[in-house]
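K.L.:
File follows, my_file_12.tsv with TSV, C-alpha atoms and all ligand atoms:
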chain	number	residue	atom	x	y	z
Q	1	MET	CA	54.69	107.09	67.91
Q	2	SER	CA	54.34	103.84	69.84
Q	3	GLU	CA	57.54	102.57	71.47
Q	4	SER	CA	58.76	99.11	70.75
Q	5	TYR	CA	60.84	96.90	73.02
Q	6	ASP	CA	61.55	93.21	73.54
Q	7	PHE	CA	60.88	92.96	77.27
Q	8	LEU	CA	59.43	95.01	80.07
Q	9	PHE	CA	60.88	94.57	83.59
Q	10	LYS	CA	59.24	95.90	86.73
Q	11	PHE	CA	61.88	97.40	89.04
Q	12	LEU	CA	61.77	98.72	92.60
Q	13	VAL	CA	64.06	101.22	94.25
Q	14	ILE	CA	64.00	100.66	98.02
Q	15	GLY	CA	66.00	101.76	101.07
Q	16	SER	CA	65.98	104.24	103.95
Q	17	ALA	CA	64.81	107.84	103.64
Q	18	GLY	CA	67.48	110.22	102.37
Q	19	SER	CA	69.71	107.52	100.84
Q	20	GLY	CA	69.19	109.08	97.38
Q	21	LYS	CA	66.64	106.81	95.68
Q	22	SER	CA	64.77	109.60	93.88
Q	23	CYS	CA	68.04	111.23	92.81
Q	24	LEU	CA	69.29	107.92	91.39
Q	25	LEU	CA	66.11	107.49	89.37
Q	26	HIS	CA	66.24	111.10	88.16
Q	27	GLN	CA	69.91	110.78	87.17
Q	28	PHE	CA	69.17	107.53	85.33
Q	29	ILE	CA	66.22	108.94	83.39
Q	30	GLU	CA	67.20	112.59	82.89
Q	31	SER	CA	71.00	112.33	83.20
Q	32	LYS	CA	70.85	115.21	85.71
Q	33	PHE	CA	71.27	115.60	89.47
Q	34	LYS	CA	68.07	116.64	91.17
Q	35	ASP	CA	69.50	118.92	93.86
Q	36	ASP	CA	66.12	120.07	95.20
Q	37	SER	CA	64.95	116.53	96.00
Q	38	SER	CA	62.39	116.27	98.80
Q	39	HIS	CA	61.04	113.17	100.56
Q	40	THR	CA	58.95	110.95	98.32
Q	41	ILE	CA	55.31	110.70	99.33
Q	42	GLY	CA	54.26	107.09	98.79
Q	43	VAL	CA	55.55	106.00	95.42
Q	44	GLU	CA	56.82	107.70	92.26
Q	45	PHE	CA	57.22	106.19	88.85
Q	46	GLY	CA	59.67	106.43	85.97
Q	47	SER	CA	60.48	104.42	82.88
Q	48	LYS	CA	63.27	104.13	80.34
Q	49	ILE	CA	64.15	101.84	77.47
Q	50	VAL	CA	67.69	100.48	77.62
Q	51	ASN	CA	69.73	98.21	75.42
Q	52	VAL	CA	70.87	95.08	77.22
Q	53	GLY	CA	72.96	92.59	75.28
Q	54	GLY	CA	71.28	93.46	71.97
Q	55	LYS	CA	67.73	93.40	73.40
Q	56	SER	CA	65.71	96.50	74.11
Q	57	VAL	CA	64.26	96.41	77.58
Q	58	LYS	CA	61.74	98.84	79.02
Q	59	LEU	CA	62.38	99.37	82.71
Q	60	GLN	CA	59.28	100.34	84.63
Q	61	ILE	CA	60.70	101.73	87.87
Q	62	TRP	CA	58.86	102.33	91.12
Q	63	ASP	CA	60.69	104.73	93.46
Q	64	THR	CA	59.35	104.09	96.96
Q	65	ALA	CA	59.31	106.42	99.98
Q	66	GLY	CA	61.85	105.44	102.62
Q	67	GLN	CA	60.04	107.03	105.53
Q	68	GLU	CA	58.45	104.57	107.95
Q	69	ARG	CA	55.05	106.31	107.82
Q	70	PHE	CA	54.63	105.31	104.16
Q	71	ARG	CA	55.67	101.70	104.68
Q	72	SER	CA	52.19	100.21	104.35
Q	73	VAL	CA	51.61	102.07	101.05
Q	74	THR	CA	55.00	101.25	99.55
Q	75	ARG	CA	54.78	97.58	100.51
Q	76	SER	CA	51.72	97.21	98.31
Q	77	TYR	CA	53.88	98.02	95.26
Q	78	TYR	CA	56.45	95.27	95.86
Q	79	ARG	CA	54.42	92.44	94.37
Q	80	GLY	CA	55.58	91.15	91.02
Q	81	ALA	CA	58.86	93.04	90.77
Q	82	ALA	CA	61.60	91.35	88.76
Q	83	GLY	CA	64.46	93.47	90.08
Q	84	ALA	CA	65.31	95.94	92.80
Q	85	LEU	CA	67.98	98.43	93.71
Q	86	LEU	CA	68.46	98.32	97.48
Q	87	VAL	CA	69.99	101.67	98.37
Q	88	TYR	CA	71.94	102.91	101.42
Q	89	ASP	CA	73.99	106.07	101.93
Q	90	ILE	CA	77.73	105.39	102.43
Q	91	THR	CA	77.89	108.46	104.75
Q	92	ASN	CA	75.09	107.24	107.02
Q	93	ARG	CA	75.54	103.98	108.94
Q	94	GLU	CA	71.89	103.84	110.00
Q	95	THR	CA	70.83	103.42	106.39
Q	96	PHE	CA	73.27	100.49	106.13
Q	97	ASN	CA	72.03	98.92	109.38
Q	98	ALA	CA	68.47	98.98	108.04
Q	99	LEU	CA	69.34	96.88	104.97
Q	100	ALA	CA	68.39	93.52	106.47
Q	101	ASN	CA	64.83	94.73	107.05
Q	102	TRP	CA	64.48	96.10	103.52
Q	103	LEU	CA	65.87	92.90	102.13
Q	104	SER	CA	63.49	90.70	104.03
Q	105	ASP	CA	60.54	92.86	102.88
Q	106	ALA	CA	61.67	92.58	99.26
Q	107	ARG	CA	62.10	88.83	99.36
Q	108	THR	CA	58.84	88.23	101.21
Q	109	LEU	CA	56.60	90.71	99.43
Q	110	ALA	CA	58.03	90.83	95.89
Q	111	SER	CA	59.42	87.37	95.22
Q	112	PRO	CA	62.06	85.14	96.83
Q	113	ASN	CA	63.76	85.12	93.39
Q	114	ILE	CA	63.83	88.89	92.93
Q	115	ILE	CA	67.19	90.03	91.53
Q	116	ILE	CA	68.62	92.63	93.90
Q	117	LEU	CA	71.57	94.94	93.47
Q	118	LEU	CA	72.91	96.64	96.58
Q	119	VAL	CA	73.74	100.30	95.94
Q	120	GLY	CA	76.05	102.31	98.20
Q	121	ASN	CA	75.11	105.84	97.11
Q	122	LYS	CA	76.82	109.25	97.63
Q	123	ARG	CA	80.22	107.96	96.63
Q	124	ASP	CA	81.21	111.56	95.84
Q	125	LEU	CA	81.18	112.20	99.62
Q	126	ASP	CA	84.03	109.77	100.32
Q	127	GLY	CA	85.49	112.02	103.04
Q	128	ASP	CA	82.31	111.56	105.13
Q	129	ARG	CA	82.15	107.81	104.60
Q	130	GLU	CA	80.76	105.71	107.50
Q	131	VAL	CA	80.49	102.38	105.67
Q	132	THR	CA	83.54	100.84	103.99
Q	133	PHE	CA	83.39	99.24	100.56
Q	134	LEU	CA	84.68	95.97	102.03
Q	135	GLU	CA	82.01	95.79	104.72
Q	136	ALA	CA	79.24	96.35	102.20
Q	137	SER	CA	80.77	93.84	99.77
Q	138	ARG	CA	80.69	91.24	102.55
Q	139	PHE	CA	77.03	92.00	103.28
Q	140	ALA	CA	76.27	91.66	99.58
Q	141	GLN	CA	78.11	88.35	99.34
Q	142	GLU	CA	76.43	86.89	102.41
Q	143	ASN	CA	73.02	87.82	101.08
Q	144	GLU	CA	73.59	86.91	97.44
Q	145	LEU	CA	73.30	90.46	96.15
Q	146	MET	CA	75.22	92.22	93.43
Q	147	PHE	CA	76.92	95.39	94.64
Q	148	LEU	CA	78.02	98.78	93.31
Q	149	GLU	CA	78.82	102.16	94.81
Q	150	THR	CA	77.24	105.06	92.95
Q	151	SER	CA	76.89	108.82	92.97
Q	152	ALA	CA	73.55	110.23	91.90
Q	153	LYS	CA	75.34	113.59	91.96
Q	154	THR	CA	78.13	112.86	89.46
Q	155	GLY	CA	76.26	110.04	87.72
Q	156	GLU	CA	79.02	107.53	88.50
Q	157	ASN	CA	77.79	103.94	88.12
Q	158	VAL	CA	74.11	104.97	88.02
Q	159	GLU	CA	73.32	103.57	84.59
Q	160	GLU	CA	75.58	100.59	85.34
Q	161	ALA	CA	73.45	99.72	88.38
Q	162	PHE	CA	70.23	99.47	86.37
Q	163	LEU	CA	71.99	97.72	83.48
Q	164	LYS	CA	73.76	95.15	85.68
Q	165	CYS	CA	70.48	94.18	87.32
Q	166	SER	CA	68.71	94.01	83.93
Q	167	LYS	CA	71.51	91.88	82.43
Q	168	THR	CA	71.15	89.32	85.20
Q	169	ILE	CA	67.38	89.13	84.72
Q	170	LEU	CA	67.80	88.69	80.97
Q	171	ALA	CA	70.41	85.96	81.45
Q	172	LYS	CA	68.00	84.10	83.74
Q	173	ILE	CA	65.24	84.37	81.15
Q	174	GLU	CA	67.60	82.92	78.57
Q	175	THR	CA	68.56	79.96	80.75
Q	176	GLY	CA	64.91	79.35	81.59
Q	177	GLU	CA	65.42	80.12	85.31
Q	178	LEU	CA	62.92	82.97	85.02
Q	179	ASP	CA	59.72	82.50	83.07
Q	180	PRO	CA	58.19	85.70	81.65
Q	181	GLU	CA	54.92	83.83	81.15
Q	182	ARG	CA	54.51	83.27	84.89
Q	183	ILE	CA	52.05	85.71	86.41
Q	184	GLY	CA	53.84	87.95	88.90
Q	185	SER	CA	57.27	87.41	87.34
Q	186	GLY	CA	57.60	91.18	86.86
Q	187	ILE	CA	58.53	90.53	83.23
Q	188	GLN	CA	56.46	91.02	80.10
Q	189	TYR	CA	57.19	90.44	76.45
Q	190	GLY	CA	57.20	93.64	74.44
Q	191	ASP	CA	56.02	92.28	71.14
Q	192	THR	CA	54.72	89.05	69.70
Q	193	THR	CA	57.87	88.24	67.75
Q	194	THR	CA	59.99	87.98	70.87
Q	195	ARG	CA	57.33	85.91	72.59
Q	196	ARG	CA	57.10	83.53	69.65
Q	197	LEU	CA	60.89	83.14	69.41
Q	198	HIS	CA	61.20	82.36	73.11
Q	199	ARG	CA	58.39	79.84	73.00
Q	200	GLU	CA	60.06	78.13	70.06
Q	201	ASN	CA	63.40	78.09	71.89
Q	202	ASN	CA	61.84	76.62	75.00
Q	203	ARG	CA	60.12	73.96	72.93
Q	204	ARG	CA	63.40	73.05	71.24
Q	205	GLN	CA	65.43	72.73	74.44
Q	206	PRO	CA	63.99	69.42	75.81
Q	207	ASP	CA	64.72	67.84	72.42
Q	208	CYS	CA	68.38	68.69	72.75
Q	209	ILE	CA	68.52	67.19	76.23
Q	210	CYS	CA	66.94	63.92	75.02
Q	211	ARG	CA	69.48	63.49	72.28
Q	212	MET	CA	72.48	63.86	74.60
Q	301	LIG	N1	76.32	114.42	97.58
Q	301	LIG	C1	75.30	113.66	97.19
Q	301	LIG	N2	74.06	113.92	97.62
Q	301	LIG	C2	73.05	113.12	97.21
Q	301	LIG	C3	73.27	112.02	96.35
Q	301	LIG	N3	72.08	111.41	96.13
Q	301	LIG	C4	71.16	112.10	96.83
Q	301	LIG	N4	71.74	113.14	97.48
Q	301	LIG	C5	71.08	114.09	98.38
Q	301	LIG	O1	70.48	113.34	99.43
Q	301	LIG	C6	69.20	113.87	99.80
Q	301	LIG	C7	68.14	112.80	99.71
Q	301	LIG	O2	67.98	112.39	98.35
Q	301	LIG	P1	66.62	111.72	97.82
Q	301	LIG	O3	66.89	111.18	96.47
Q	301	LIG	O4	65.47	112.63	97.98
Q	301	LIG	O5	66.49	110.51	98.88
Q	301	LIG	P2	65.36	109.36	98.92
Q	301	LIG	O6	66.08	108.11	99.25
Q	301	LIG	O7	64.56	109.36	97.67
Q	301	LIG	O8	64.47	109.79	100.17
Q	301	LIG	P3	62.94	109.38	100.49
Q	301	LIG	O9	62.12	109.80	99.32
Q	301	LIG	O10	62.57	110.14	101.74
Q	301	LIG	O11	62.93	107.91	100.73
Q	301	LIG	C8	68.97	115.06	98.89
Q	301	LIG	O12	69.33	116.24	99.58
Q	301	LIG	C9	69.91	114.84	97.73
Q	301	LIG	O13	70.34	116.06	97.16
Q	301	LIG	C10	74.61	111.75	95.91
Q	301	LIG	O14	74.92	110.82	95.19
Q	301	LIG	N5	75.59	112.61	96.37
Give the structure from the file, written as structure tokens.
P.N.:
Amino acid sequence: MSESYDFLFKFLVIGSAGSGKSCLLHQFIESKFKDDSSHTIGVEFGSKIVNVGGKSVKLQIWDTAGQERFRSVTRSYYRGAAGALLVYDITNRETFNALANWLSDARTLASPNIIILLVGNKRDLDGDREVTFLEASRFAQENELMFLETSAKTGENVEEAFLKCSKTILAKIETGELDPERIGSGIQYGDTTTRRLHRENNRRQPDCICRM
């Protein structure tokens, strides 16, 4: 049976090795904690259809290796991503300190307009916390990122992270800030009906402005 959806968004999951990227993806797709997770070699892929504000959206998710030795491979997957989860481990300050580098890679190699949600993972290990919620919120605010703390182990906020990012992308499509027709937008229409409706909407909008 062929799957039907309104939009397809290309997503990246980036951040330092061991922050829990693969576990987040696994929890999101399988609703299970992958407790035997080993380092990702290069890039892995997953996809899931979600409902966002009444639209069905297929998320095509690229889980990248955090280890430095794979950096040149993973960077080649950044291009044309619409959204990204930028992950650090709340129990490991080094992974937080590395965020600026990951962020600059994402904005340079994917798109300056890429929608990024900062994820402080391993929230279940609060007793071992090295990065406070407040500090990370400030970083997010300064860098115009959305922010959530998650646990890939318990599942807390995992779906929310992907949905929040998707909702923002969809809202920007609806306001015309993001154009799915632009090559490299990281967005595709799922079927011709949606495409036709959006084209008609876009055609109607200038009319409204003229009449005001
Ligand atoms: N307690 C706890 N452990 C987690 C959580 N998420 C991941 N882990 C553990 O952290 C380790 C690293 O998780 P991975 O998902 O493989 O990390 P990664 O970011 O994909 O690592 P690379 O592929 O090397 O970039 C594993 O031992 C996981 O079991 C979490 O939310 N809570």
K.L.:
Identify which of the residues Q:Gly15, Q:Gly42, Q:Gly127, Q:Pro180 lies closest to Thr74 (chain Q), counting all atoms listed in the file when measuring atom-to-atom distances.
P.N.:
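Using all atoms listed in the file, Thr74 (chain Q) sits closest to Q:Gly42.
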K.L.:
Select the residues contacting ligand LIG 301 (chain Q) at a distance of at most 7 Å, based on all atoms listed in the file, then format the selection as a PDB file with C-alpha atoms, in the frame of the given file.
P.N.:
ATOM      1  CA  GLY Q  15      66.000 101.760 101.070  1.00  0.00           C
ATOM      2  CA  SER Q  16      65.980 104.240 103.950  1.00  0.00           C
ATOM      3  CA  ALA Q  17      64.810 107.840 103.640  1.00  0.00           C
ATOM      4  CA  GLY Q  18      67.480 110.220 102.370  1.00  0.00           C
ATOM      5  CA  SER Q  19      69.710 107.520 100.840  1.00  0.00           C
ATOM      6  CA  GLY Q  20      69.190 109.080  97.380  1.00  0.00           C
ATOM      7  CA  LYS Q  21      66.640 106.810  95.680  1.00  0.00           C
ATOM      8  CA  SER Q  22      64.770 109.600  93.880  1.00  0.00           C
ATOM      9  CA  CYS Q  23      68.040 111.230  92.810  1.00  0.00           C
ATOM     10  CA  LEU Q  24      69.290 107.920  91.390  1.00  0.00           C
ATOM     11  CA  LYS Q  34      68.070 116.640  91.170  1.00  0.00           C
ATOM     12  CA  ASP Q  35      69.500 118.920  93.860  1.00  0.00           C
ATOM     13  CA  ASP Q  36      66.120 120.070  95.200  1.00  0.00           C
ATOM     14  CA  SER Q  37      64.950 116.530  96.000  1.00  0.00           C
ATOM     15  CA  SER Q  38      62.390 116.270  98.800  1.00  0.00           C
ATOM     16  CA  HIS Q  39      61.040 113.170 100.560  1.00  0.00           C
ATOM     17  CA  THR Q  40      58.950 110.950  98.320  1.00  0.00           C
ATOM     18  CA  ILE Q  41      55.310 110.700  99.330  1.00  0.00           C
ATOM     19  CA  THR Q  64      59.350 104.090  96.960  1.00  0.00           C
ATOM     20  CA  ALA Q  65      59.310 106.420  99.980  1.00  0.00           C
ATOM     21  CA  GLY Q  66      61.850 105.440 102.620  1.00  0.00           C
ATOM     22  CA  GLN Q  67      60.040 107.030 105.530  1.00  0.00           C
ATOM     23  CA  ASN Q 121      75.110 105.840  97.110  1.00  0.00           C
ATOM     24  CA  LYS Q 122      76.820 109.250  97.630  1.00  0.00           C
ATOM     25  CA  ARG Q 123      80.220 107.960  96.630  1.00  0.00           C
ATOM     26  CA  ASP Q 124      81.210 111.560  95.840  1.00  0.00           C
ATOM     27  CA  LEU Q 125      81.180 112.200  99.620  1.00  0.00           C
ATOM     28  CA  THR Q 150      77.240 105.060  92.950  1.00  0.00           C
ATOM     29  CA  SER Q 151      76.890 108.820  92.970  1.00  0.00           C
ATOM     30  CA  ALA Q 152      73.550 110.230  91.900  1.00  0.00           C
ATOM     31  CA  LYS Q 153      75.340 113.590  91.960  1.00  0.00           C
ATOM     32  CA  THR Q 154      78.130 112.860  89.460  1.00  0.00           C
TER      33      THR Q 154
END
K.L.:
Which is closer to Gly54 (chain Q) than all the others in Q:His26, Q:Arg75, Q:Lys172, Q:Lys167, using only C-alpha atoms?
P.N.:
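Residue with the minimum atom-to-atom distance to Gly54 (chain Q): Q:Lys167.
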K.L.:
Could you check which of Q:Phe70, Q:Trp102, Q:Phe45, Q:Phe139 is closest to Val87 (chain Q), using all atoms listed in the file?
P.N.:
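Smallest distance to Val87 (chain Q) is found for Q:Trp102.
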K.L.:
Pick out the closest residue to Phe28 (chain Q) from this set: Q:Val50, Q:Val158, Q:Leu178, Q:Leu117. Count all atoms listed in the file.
P.N.:
Q:Val158
K.L.:
Q:Arg107, Q:Arg93, Q:Lys10, Q:Arg79: which is nearest Ile61 (chain Q), counting all atoms listed in the file?
P.N.:
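With all atoms listed in the file as the atom set, the closest residue is Q:Lys10.
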K.L.:
One number please: CA of Glu142 (chain Q) to CA of Thr95 (chain Q), in Å, one decimal.
P.N.:
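Separation between CA of Glu142 (chain Q) and CA of Thr95 (chain Q): 17.9 Å.
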K.L.:
Ranking Q:Gln27, Q:Ser104, Q:Ser4, Q:Gln60 by minimum distance to Glu156 (chain Q) and counting only C-alpha atoms, which one comes first?
P.N.:
Q:Gln27
K.L.:
Could you give me, as a ChimeraX atom specification, the residues within 8 Å of Ile29 (chain Q), counting all atoms listed in the file and dropping anything in the same chain fewer than 3 positions from it?
P.N.:
/Q:25-26,46-48
K.L.:
Within 12 Å of (57.3, 85.2, 82.9), in the coordinates the file gives, what residues turn up when you count only C-alpha atoms, written out as an NGL selection string?
P.N.:
:Q and (7-10 or 80-82 or 169-170 or 172-174 or 176-190 or 195 or 198-199)
K.L.:
Hey, can you check how far CA of Ala98 (chain Q) sits from CA of Glu30 (chain Q)?
P.N.:
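Here the two named atoms are 28.6 Å from each other.
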K.L.:
Give me the residues near region 143-149 of chain Q as a VMD selection string, where near means some atom within 6 Å (using all atoms listed in the file) and where sequence neighbours in that chain fewer than 2 positions away do not count.
P.N.:
chain Q and resid 116 to 121 140 to 141
K.L.:
To one decimal in Å, tell me the separation between CA of Pro112 (chain Q) and CA of Leu12 (chain Q).
P.N.:
14.2 Å
K.L.:
Determine the axis-aligned bounding box of all atoms of region 88-102 of chain Q present in the file, pad each side by 6 Å, and express its centre and edge lengths in Å to one decimal place as lines of an AutoDock Vina configuration file.
P.N.:
center_x = 71.2
center_y = 101.0
center_z = 105.7
size_x = 25.4
size_y = 26.9
size_z = 20.6
